[in-house]
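> Dropping in coords.tsv, with TSV, N, CA and C atoms and all ligand atoms.
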chain	number	residue	atom	x	y	z
A	23	MET	N	9.19	-4.57	-13.99
A	23	MET	CA	7.76	-4.86	-14.13
A	23	MET	C	6.95	-3.95	-13.20
A	24	LEU	N	5.92	-3.33	-13.73
A	24	LEU	CA	5.10	-2.45	-12.91
A	24	LEU	C	3.86	-3.19	-12.41
A	25	LEU	N	3.28	-2.66	-11.35
A	25	LEU	CA	2.07	-3.27	-10.81
A	25	LEU	C	0.88	-2.82	-11.64
A	26	GLU	N	-0.07	-3.71	-11.80
A	26	GLU	CA	-1.26	-3.35	-12.56
A	26	GLU	C	-2.51	-3.59	-11.75
A	27	TRP	N	-3.44	-2.70	-11.95
A	27	TRP	CA	-4.73	-2.84	-11.27
A	27	TRP	C	-5.62	-3.80	-12.05
A	28	ASN	N	-6.44	-4.55	-11.35
A	28	ASN	CA	-7.50	-5.27	-12.06
A	28	ASN	C	-8.73	-5.31	-11.17
A	29	GLU	N	-9.86	-5.59	-11.77
A	29	GLU	CA	-11.13	-5.42	-11.01
A	29	GLU	C	-11.29	-6.43	-9.88
A	30	GLN	N	-10.48	-7.48	-9.89
A	30	GLN	CA	-10.50	-8.44	-8.78
A	30	GLN	C	-10.13	-7.75	-7.47
A	31	LEU	N	-9.42	-6.63	-7.60
A	31	LEU	CA	-8.92	-5.94	-6.40
A	31	LEU	C	-9.93	-4.91	-5.89
A	32	ASP	N	-10.97	-4.67	-6.66
A	32	ASP	CA	-11.98	-3.71	-6.22
A	32	ASP	C	-12.77	-4.25	-5.04
A	33	THR	N	-12.96	-3.42	-4.03
A	33	THR	CA	-13.82	-3.82	-2.93
A	33	THR	C	-15.25	-3.38	-3.21
A	34	GLY	N	-15.40	-2.41	-4.13
A	34	GLY	CA	-16.71	-1.83	-4.36
A	34	GLY	C	-16.94	-0.65	-3.42
A	35	VAL	N	-16.01	-0.44	-2.50
A	35	VAL	CA	-16.07	0.73	-1.62
A	35	VAL	C	-15.19	1.79	-2.29
A	36	ASN	N	-15.85	2.78	-2.88
A	36	ASN	CA	-15.11	3.70	-3.74
A	36	ASN	C	-13.92	4.38	-3.08
A	37	ALA	N	-14.11	4.82	-1.83
A	37	ALA	CA	-13.03	5.54	-1.16
A	37	ALA	C	-11.80	4.64	-1.01
A	38	LEU	N	-12.02	3.36	-0.70
A	38	LEU	CA	-10.88	2.44	-0.57
A	38	LEU	C	-10.26	2.16	-1.93
A	39	ASP	N	-11.09	1.90	-2.90
A	39	ASP	CA	-10.57	1.54	-4.22
A	39	ASP	C	-9.78	2.69	-4.85
A	40	ASP	N	-10.28	3.92	-4.68
A	40	ASP	CA	-9.55	5.07	-5.23
A	40	ASP	C	-8.16	5.17	-4.59
A	41	ASP	N	-8.12	4.99	-3.26
A	41	ASP	CA	-6.83	5.04	-2.57
A	41	ASP	C	-5.90	3.95	-3.06
A	42	HIS	N	-6.44	2.75	-3.22
A	42	HIS	CA	-5.57	1.63	-3.65
A	42	HIS	C	-4.99	1.90	-5.03
A	43	ARG	N	-5.81	2.46	-5.91
A	43	ARG	CA	-5.29	2.79	-7.25
A	43	ARG	C	-4.16	3.80	-7.13
A	44	CYS	N	-4.38	4.80	-6.28
A	44	CYS	CA	-3.36	5.84	-6.08
A	44	CYS	C	-2.07	5.25	-5.51
A	45	LEU	N	-2.20	4.35	-4.55
A	45	LEU	CA	-1.01	3.74	-3.93
A	45	LEU	C	-0.23	2.93	-4.95
A	46	VAL	N	-0.94	2.23	-5.80
A	46	VAL	CA	-0.27	1.43	-6.83
A	46	VAL	C	0.44	2.37	-7.82
A	47	LEU	N	-0.23	3.47	-8.19
A	47	LEU	CA	0.41	4.44	-9.10
A	47	LEU	C	1.68	5.02	-8.49
A	48	LEU	N	1.59	5.36	-7.20
A	48	LEU	CA	2.75	5.92	-6.52
A	48	LEU	C	3.89	4.90	-6.45
A	49	ALA	N	3.54	3.66	-6.14
A	49	ALA	CA	4.57	2.60	-6.07
A	49	ALA	C	5.26	2.47	-7.44
A	50	ASN	N	4.49	2.55	-8.49
A	50	ASN	CA	5.09	2.46	-9.83
A	50	ASN	C	5.99	3.66	-10.12
A	51	ARG	N	5.57	4.84	-9.67
A	51	ARG	CA	6.41	6.03	-9.89
A	51	ARG	C	7.71	5.93	-9.11
A	52	ILE	N	7.64	5.39	-7.88
A	52	ILE	CA	8.85	5.21	-7.07
A	52	ILE	C	9.79	4.24	-7.76
A	53	HIS	N	9.23	3.19	-8.26
A	53	HIS	CA	10.01	2.17	-8.97
A	53	HIS	C	10.73	2.78	-10.18
A	54	LYS	N	10.00	3.56	-10.95
A	54	LYS	CA	10.60	4.18	-12.15
A	54	LYS	C	11.68	5.18	-11.77
A	55	ALA	N	11.41	5.99	-10.73
A	55	ALA	CA	12.39	6.99	-10.30
A	55	ALA	C	13.67	6.30	-9.83
A	56	ALA	N	13.51	5.19	-9.11
A	56	ALA	CA	14.70	4.47	-8.62
A	56	ALA	C	15.48	3.90	-9.80
A	57	GLN	N	14.76	3.38	-10.77
A	57	GLN	CA	15.45	2.82	-11.95
A	57	GLN	C	16.21	3.90	-12.69
A	58	ALA	N	15.66	5.12	-12.68
A	58	ALA	CA	16.32	6.23	-13.37
A	58	ALA	C	17.41	6.86	-12.49
A	59	GLY	N	17.58	6.34	-11.28
A	59	GLY	CA	18.61	6.86	-10.38
A	59	GLY	C	18.27	8.23	-9.80
A	60	GLU	N	16.98	8.56	-9.75
A	60	GLU	CA	16.56	9.86	-9.23
A	60	GLU	C	16.31	9.79	-7.72
A	61	GLN	N	17.39	9.88	-7.00
A	61	GLN	CA	17.38	9.74	-5.54
A	61	GLN	C	16.40	10.68	-4.84
A	62	GLU	N	16.47	11.98	-5.19
A	62	GLU	CA	15.61	12.94	-4.50
A	62	GLU	C	14.14	12.70	-4.80
A	63	GLU	N	13.89	12.34	-6.04
A	63	GLU	CA	12.51	12.05	-6.45
A	63	GLU	C	11.98	10.84	-5.67
A	64	VAL	N	12.82	9.85	-5.47
A	64	VAL	CA	12.41	8.68	-4.69
A	64	VAL	C	12.03	9.12	-3.28
A	65	GLU	N	12.88	9.93	-2.67
A	65	GLU	CA	12.59	10.41	-1.31
A	65	GLU	C	11.27	11.17	-1.23
A	66	THR	N	11.08	12.08	-2.18
A	66	THR	CA	9.85	12.88	-2.21
A	66	THR	C	8.62	11.99	-2.36
A	67	LEU	N	8.72	11.06	-3.29
A	67	LEU	CA	7.58	10.18	-3.55
A	67	LEU	C	7.30	9.25	-2.38
A	68	VAL	N	8.36	8.80	-1.73
A	68	VAL	CA	8.18	7.90	-0.59
A	68	VAL	C	7.47	8.64	0.55
A	69	LEU	N	7.84	9.92	0.76
A	69	LEU	CA	7.16	10.70	1.79
A	69	LEU	C	5.68	10.86	1.45
A	70	GLU	N	5.42	11.09	0.19
A	70	GLU	CA	4.03	11.22	-0.27
A	70	GLU	C	3.29	9.89	-0.04
A	71	PHE	N	3.96	8.82	-0.39
A	71	PHE	CA	3.39	7.47	-0.23
A	71	PHE	C	3.04	7.22	1.25
A	72	CYS	N	3.97	7.57	2.14
A	72	CYS	CA	3.76	7.34	3.59
A	72	CYS	C	2.59	8.17	4.11
A	73	ALA	N	2.53	9.44	3.69
A	73	ALA	CA	1.44	10.30	4.16
A	73	ALA	C	0.10	9.74	3.68
A	74	TYR	N	0.10	9.28	2.47
A	74	TYR	CA	-1.12	8.69	1.90
A	74	TYR	C	-1.51	7.44	2.67
A	75	CYS	N	-0.51	6.62	2.98
A	75	CYS	CA	-0.76	5.38	3.73
A	75	CYS	C	-1.34	5.70	5.11
A	76	ASP	N	-0.77	6.68	5.79
A	76	ASP	CA	-1.25	7.03	7.13
A	76	ASP	C	-2.76	7.28	7.10
A	77	ASP	N	-3.19	8.14	6.20
A	77	ASP	CA	-4.61	8.48	6.10
A	77	ASP	C	-5.44	7.27	5.67
A	78	HIS	N	-4.93	6.58	4.69
A	78	HIS	CA	-5.67	5.45	4.15
A	78	HIS	C	-5.86	4.35	5.21
A	79	PHE	N	-4.79	4.07	5.96
A	79	PHE	CA	-4.87	2.99	6.95
A	79	PHE	C	-5.93	3.31	8.02
A	80	VAL	N	-5.96	4.58	8.46
A	80	VAL	CA	-6.94	4.96	9.47
A	80	VAL	C	-8.35	4.71	8.95
A	81	MET	N	-8.60	5.15	7.73
A	81	MET	CA	-9.93	4.99	7.14
A	81	MET	C	-10.28	3.50	6.97
A	82	GLU	N	-9.32	2.76	6.45
A	82	GLU	CA	-9.58	1.34	6.18
A	82	GLU	C	-9.80	0.55	7.47
A	83	GLU	N	-9.03	0.89	8.50
A	83	GLU	CA	-9.17	0.17	9.77
A	83	GLU	C	-10.53	0.47	10.40
A	84	GLU	N	-11.00	1.71	10.27
A	84	GLU	CA	-12.33	2.05	10.77
A	84	GLU	C	-13.39	1.29	9.99
A	85	TYR	N	-13.19	1.24	8.70
A	85	TYR	CA	-14.16	0.54	7.85
A	85	TYR	C	-14.22	-0.95	8.21
A	86	MET	N	-13.05	-1.57	8.42
A	86	MET	CA	-13.02	-3.00	8.76
A	86	MET	C	-13.74	-3.24	10.09
A	87	ARG	N	-13.57	-2.29	11.02
A	87	ARG	CA	-14.25	-2.43	12.30
A	87	ARG	C	-15.77	-2.31	12.11
A	88	ASP	N	-16.17	-1.33	11.31
A	88	ASP	CA	-17.61	-1.11	11.08
A	88	ASP	C	-18.30	-2.32	10.47
A	89	ILE	N	-17.62	-3.00	9.57
A	89	ILE	CA	-18.29	-4.13	8.90
A	89	ILE	C	-18.02	-5.45	9.63
A	90	GLY	N	-17.30	-5.41	10.74
A	90	GLY	CA	-17.02	-6.63	11.50
A	90	GLY	C	-16.14	-7.60	10.72
A	91	TYR	N	-15.14	-7.06	10.06
A	91	TYR	CA	-14.25	-7.91	9.26
A	91	TYR	C	-13.42	-8.82	10.17
A	92	PRO	N	-13.50	-10.14	9.99
A	92	PRO	CA	-12.83	-11.04	10.92
A	92	PRO	C	-11.30	-10.98	10.91
A	93	ASN	N	-10.68	-10.60	9.78
A	93	ASN	CA	-9.20	-10.57	9.73
A	93	ASN	C	-8.64	-9.18	10.00
A	94	ARG	N	-9.43	-8.36	10.68
A	94	ARG	CA	-9.02	-6.98	10.89
A	94	ARG	C	-7.68	-6.85	11.63
A	95	ALA	N	-7.51	-7.61	12.71
A	95	ALA	CA	-6.29	-7.48	13.52
A	95	ALA	C	-5.06	-7.84	12.68
A	96	GLU	N	-5.16	-8.90	11.92
A	96	GLU	CA	-4.05	-9.35	11.09
A	96	GLU	C	-3.74	-8.29	10.01
A	97	HIS	N	-4.80	-7.76	9.43
A	97	HIS	CA	-4.66	-6.74	8.39
A	97	HIS	C	-3.98	-5.48	8.97
A	98	LYS	N	-4.43	-5.08	10.16
A	98	LYS	CA	-3.85	-3.90	10.80
A	98	LYS	C	-2.37	-4.13	11.13
A	99	ARG	N	-2.04	-5.35	11.55
A	99	ARG	CA	-0.64	-5.67	11.85
A	99	ARG	C	0.24	-5.42	10.63
A	100	ASP	N	-0.27	-5.78	9.46
A	100	ASP	CA	0.51	-5.58	8.24
A	100	ASP	C	0.70	-4.08	7.96
A	101	HIS	N	-0.32	-3.28	8.25
A	101	HIS	CA	-0.19	-1.83	8.10
A	101	HIS	C	0.91	-1.31	9.04
A	102	ASP	N	0.81	-1.70	10.32
A	102	ASP	CA	1.75	-1.19	11.33
A	102	ASP	C	3.18	-1.60	11.02
A	103	GLN	N	3.34	-2.85	10.62
A	103	GLN	CA	4.67	-3.37	10.29
A	103	GLN	C	5.27	-2.59	9.12
A	104	MET	N	4.42	-2.32	8.14
A	104	MET	CA	4.89	-1.61	6.95
A	104	MET	C	5.38	-0.21	7.31
A	105	LEU	N	4.63	0.50	8.17
A	105	LEU	CA	5.05	1.86	8.54
A	105	LEU	C	6.37	1.83	9.31
A	106	ALA	N	6.55	0.81	10.15
A	106	ALA	CA	7.81	0.68	10.90
A	106	ALA	C	8.96	0.36	9.92
A	107	ASP	N	8.72	-0.56	9.03
A	107	ASP	CA	9.78	-0.98	8.08
A	107	ASP	C	10.17	0.16	7.15
A	108	ILE	N	9.18	0.91	6.69
A	108	ILE	CA	9.46	1.95	5.71
A	108	ILE	C	10.33	3.05	6.35
A	109	ASP	N	10.11	3.28	7.62
A	109	ASP	CA	10.91	4.24	8.38
A	109	ASP	C	12.37	3.83	8.40
A	110	ASN	N	12.56	2.57	8.64
A	110	ASN	CA	13.88	1.96	8.64
A	110	ASN	C	14.60	2.12	7.31
A	111	VAL	N	13.89	1.76	6.24
A	111	VAL	CA	14.49	1.82	4.91
A	111	VAL	C	14.77	3.27	4.52
A	112	MET	N	13.87	4.19	4.96
A	112	MET	CA	14.05	5.60	4.63
A	112	MET	C	15.35	6.12	5.24
A	113	GLY	N	15.65	5.67	6.45
A	113	GLY	CA	16.91	6.05	7.08
A	113	GLY	C	18.08	5.66	6.20
A	114	LYS	N	18.01	4.48	5.62
A	114	LYS	CA	19.09	4.00	4.75
A	114	LYS	C	19.16	4.82	3.46
A	115	VAL	N	17.99	5.16	2.92
A	115	VAL	CA	17.96	5.93	1.68
A	115	VAL	C	18.68	7.28	1.87
A	116	ARG	N	18.50	7.87	3.05
A	116	ARG	CA	19.12	9.17	3.30
A	116	ARG	C	20.64	9.08	3.41
A	117	GLN	N	21.13	7.93	3.83
A	117	GLN	CA	22.58	7.78	4.00
A	117	GLN	C	23.29	7.31	2.74
A	118	ASN	N	22.55	6.68	1.90
A	118	ASN	CA	23.21	5.96	0.81
A	118	ASN	C	22.38	6.03	-0.47
A	119	LEU	N	22.99	6.59	-1.49
A	119	LEU	CA	22.30	6.77	-2.77
A	119	LEU	C	21.73	5.47	-3.32
A	120	ASP	N	22.49	4.41	-3.20
A	120	ASP	CA	22.05	3.14	-3.79
A	120	ASP	C	20.79	2.59	-3.14
A	121	ALA	N	20.52	3.10	-1.93
A	121	ALA	CA	19.38	2.55	-1.20
A	121	ALA	C	18.04	2.93	-1.83
A	122	ALA	N	18.03	3.87	-2.77
A	122	ALA	CA	16.77	4.24	-3.42
A	122	ALA	C	16.12	3.02	-4.07
A	123	SER	N	16.94	2.20	-4.69
A	123	SER	CA	16.35	1.03	-5.34
A	123	SER	C	15.90	0.00	-4.30
A	124	VAL	N	16.59	-0.01	-3.15
A	124	VAL	CA	16.16	-0.91	-2.07
A	124	VAL	C	14.77	-0.48	-1.58
A	125	MET	N	14.59	0.84	-1.45
A	125	MET	CA	13.30	1.37	-1.01
A	125	MET	C	12.21	1.03	-2.03
A	126	ALA	N	12.52	1.26	-3.28
A	126	ALA	CA	11.54	1.00	-4.33
A	126	ALA	C	11.14	-0.47	-4.30
A	127	GLU	N	12.12	-1.31	-4.11
A	127	GLU	CA	11.87	-2.76	-4.08
A	127	GLU	C	11.00	-3.11	-2.87
A	128	PHE	N	11.33	-2.50	-1.72
A	128	PHE	CA	10.57	-2.78	-0.51
A	128	PHE	C	9.10	-2.39	-0.69
A	129	ILE	N	8.87	-1.18	-1.21
A	129	ILE	CA	7.49	-0.72	-1.39
A	129	ILE	C	6.75	-1.60	-2.39
A	130	PHE	N	7.46	-1.96	-3.40
A	130	PHE	CA	6.88	-2.80	-4.43
A	130	PHE	C	6.43	-4.14	-3.88
A	131	VAL	N	7.33	-4.78	-3.13
A	131	VAL	CA	7.02	-6.10	-2.57
A	131	VAL	C	5.87	-5.96	-1.57
A	132	TRP	N	5.94	-4.89	-0.75
A	132	TRP	CA	4.89	-4.73	0.25
A	132	TRP	C	3.54	-4.52	-0.41
A	133	ILE	N	3.50	-3.61	-1.36
A	133	ILE	CA	2.19	-3.28	-1.94
A	133	ILE	C	1.66	-4.45	-2.77
A	134	ALA	N	2.56	-5.15	-3.40
A	134	ALA	CA	2.13	-6.32	-4.16
A	134	ALA	C	1.47	-7.31	-3.21
A	135	ASN	N	2.12	-7.58	-2.09
A	135	ASN	CA	1.55	-8.53	-1.13
A	135	ASN	C	0.29	-7.96	-0.47
A	136	HIS	N	0.37	-6.71	-0.04
A	136	HIS	CA	-0.75	-6.16	0.73
A	136	HIS	C	-2.00	-5.99	-0.14
A	137	VAL	N	-1.84	-5.35	-1.26
A	137	VAL	CA	-3.02	-5.10	-2.09
A	137	VAL	C	-3.47	-6.38	-2.81
A	138	LEU	N	-2.52	-7.12	-3.33
A	138	LEU	CA	-2.90	-8.29	-4.13
A	138	LEU	C	-3.33	-9.48	-3.29
A	139	VAL	N	-2.89	-9.57	-2.04
A	139	VAL	CA	-3.27	-10.72	-1.21
A	139	VAL	C	-4.19	-10.31	-0.05
A	140	ILE	N	-3.67	-9.45	0.84
A	140	ILE	CA	-4.40	-9.13	2.07
A	140	ILE	C	-5.65	-8.30	1.78
A	141	GLU	N	-5.50	-7.34	0.87
A	141	GLU	CA	-6.63	-6.48	0.54
A	141	GLU	C	-7.63	-7.23	-0.34
A	142	ARG	N	-7.14	-8.15	-1.08
A	142	ARG	CA	-8.03	-8.94	-1.92
A	142	ARG	C	-8.98	-9.78	-1.07
A	143	GLN	N	-8.46	-10.28	0.05
A	143	GLN	CA	-9.31	-11.04	0.98
A	143	GLN	C	-10.41	-10.13	1.52
A	144	LEU	N	-10.04	-8.88	1.81
A	144	LEU	CA	-11.03	-7.92	2.29
A	144	LEU	C	-12.08	-7.67	1.19
A	145	ALA	N	-11.61	-7.51	-0.04
A	145	ALA	CA	-12.53	-7.27	-1.16
A	145	ALA	C	-13.50	-8.44	-1.31
A	146	GLU	N	-12.99	-9.66	-1.17
A	146	GLU	CA	-13.85	-10.83	-1.29
A	146	GLU	C	-14.89	-10.86	-0.17
A	147	PHE	N	-14.45	-10.51	1.03
A	147	PHE	CA	-15.38	-10.49	2.17
A	147	PHE	C	-16.48	-9.45	1.92
A	148	VAL	N	-16.09	-8.26	1.48
A	148	VAL	CA	-17.07	-7.19	1.25
A	148	VAL	C	-18.05	-7.61	0.15
A	149	ARG	N	-17.53	-8.20	-0.91
A	149	ARG	CA	-18.43	-8.62	-2.00
A	149	ARG	C	-19.38	-9.72	-1.54
A	150	GLY	N	-18.88	-10.64	-0.73
A	150	GLY	CA	-19.72	-11.73	-0.20
A	150	GLY	C	-20.81	-11.19	0.70
A	151	LYS	N	-20.44	-10.22	1.51
A	151	LYS	CA	-21.38	-9.61	2.45
A	151	LYS	C	-22.48	-8.87	1.66
A	152	ASN	N	-22.05	-8.16	0.61
A	152	ASN	CA	-23.04	-7.41	-0.19
A	152	ASN	C	-23.96	-8.36	-0.93
A	153	ALA	N	-23.39	-9.49	-1.39
A	153	ALA	CA	-24.19	-10.45	-2.16
A	153	ALA	C	-25.26	-11.09	-1.28
A	154	SER	N	-24.92	-11.29	0.01
A	154	SER	CA	-25.89	-11.96	0.89
A	154	SER	C	-26.83	-10.97	1.58
A	155	ALA	N	-26.57	-9.67	1.36
A	155	ALA	CA	-27.41	-8.66	2.04
A	155	ALA	C	-28.74	-8.49	1.32
B	201	FE	FE	-5.95	-0.55	1.73
B	202	FE	FE	-4.84	-2.46	3.98
If you convert what's in this file into structure tokens, what do you get?


Amino acid sequence: MLLEWNEQLDTGVNALDDDHRCLVLLANRIHKAAQAGEQEEVETLVLEFCAYCDDHFVMEEEYMRDIGYPNRAEHKRDHDQMLADIDNVMGKVRQNLDAASVMAEFIFVWIANHVLVIERQLAEFVRGKNASA
């Protein structure tokens, strides 16, 4: 099953929303590559995913600070944890071919939770703030 975007996930902040769409697309590509047993492709895509996350997290954390988002610390913790965990899983992927699917699963679960739950709370906060402005 692939992840799907829906407008409930839009924050209305274009730069964030564009990144989120891209991250979901990448997660789906990683998932497909792992299913097809394309080990090298998984590695390449995961590196791309991580680089994208690095930039995105910095921007999003600044944005959360600028708007005074109350769950910022918790949200940032999830970013930091994910980068630490992905490093761990990447080590396993390099040692063991079968670990590609473990990586794909990890990214999938993380992005499903992060974008669909944690980021959705941010989207709701931003929409509420805009509605009352
Ligand atoms: Fe995000
Ligand atoms: Fe985030």

> Excluding Phe130 (chain A) and any residue of its chain fewer than 5 positions from it, enumerate the residues within 12 Å of it, using only C-alpha atoms, and give them as a PyMOL selection string.

chain A and resi 23-26+45-54+56+68+71+104+108+123-125+135-138

> Extract, using only C-alpha atoms, all DNA, RNA and protein residues at most 12 Å from region 84-93 of chain A, discarding same-chain residues fewer than 2 positions from it, and format them as a VMD selection string.

chain A and resid 33 35 37 to 38 77 to 82 95 to 100 140 to 152

> So which one's closest to ligand FE 202 (chain B), A:Asn110, A:Gln117, A:Glu83, A:Leu67? Using all atoms listed in the file, please.

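Closest residue, counting all atoms listed in the file: A:Glu83.
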
> For a test of reading the model, state the distance in Å between atom C of Glu60 (chain A) and atom N of Phe128 (chain A), rounded to one decimal.

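Distance between the two atoms: 14.6 Å.
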
> Using Å and a single decimal, report how far atom N of Asp32 (chain A) sits from atom N of Ala126 (chain A).

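Pair atom N of Ala126 (chain A) / atom N of Asp32 (chain A) returns 24.5 Å.
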
> Go ahead and compute the interatomic distance for CA of Met112 (chain A) and CA of Cys75 (chain A), in Å to one decimal.

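Rounded to one decimal, the two atoms are 14.8 Å apart.
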
> Which residue is closest to ligand FE 201 (chain B)? Choose from A:Asp41, A:Glu127, A:Asp102, A:Glu62 and count only C-alpha atoms and all ligand atoms.

A:Asp41

> Nearest to ligand FE 202 (chain B) among A:His42, A:Leu105, A:Glu63, A:Leu69, with distances taken over only C-alpha atoms and all ligand atoms: which residue is it?

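Smallest distance to ligand FE 202 (chain B) is found for A:His42.
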
> Identify all residues of chain A in helix (DSSP H, G or I) (DSSP on the backbone) and supply them as a ChimeraX atom specification.

/A:29-31,36-57,61-88,94-117,121-154

> Counting only N, CA and C atoms and all ligand atoms, which of A:Ile129, A:His101, A:Lys114, A:Asp76 gets nearest to ligand FE 202 (chain B)?

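Smallest distance to ligand FE 202 (chain B) is found for A:His101.
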
> Using all atoms listed in the file, can you tell me which of A:Glu70, A:Glu65, A:Asp39, A:Asp109 comes closest to ligand FE 201 (chain B)?

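Closest to ligand FE 201 (chain B), using all atoms listed in the file: A:Asp39.
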
> Box for region 59-76 of chain A: with edges along x, y and z, all listed atoms inside and 5 Å added on each side, what are the centre and edge lengths in Å to one decimal, as AutoDock Vina command-line options?


--center_x 7.9 --center_y 9.2 --center_z -2.1 --size_x 31.4 --size_y 17.6 --size_z 28.4
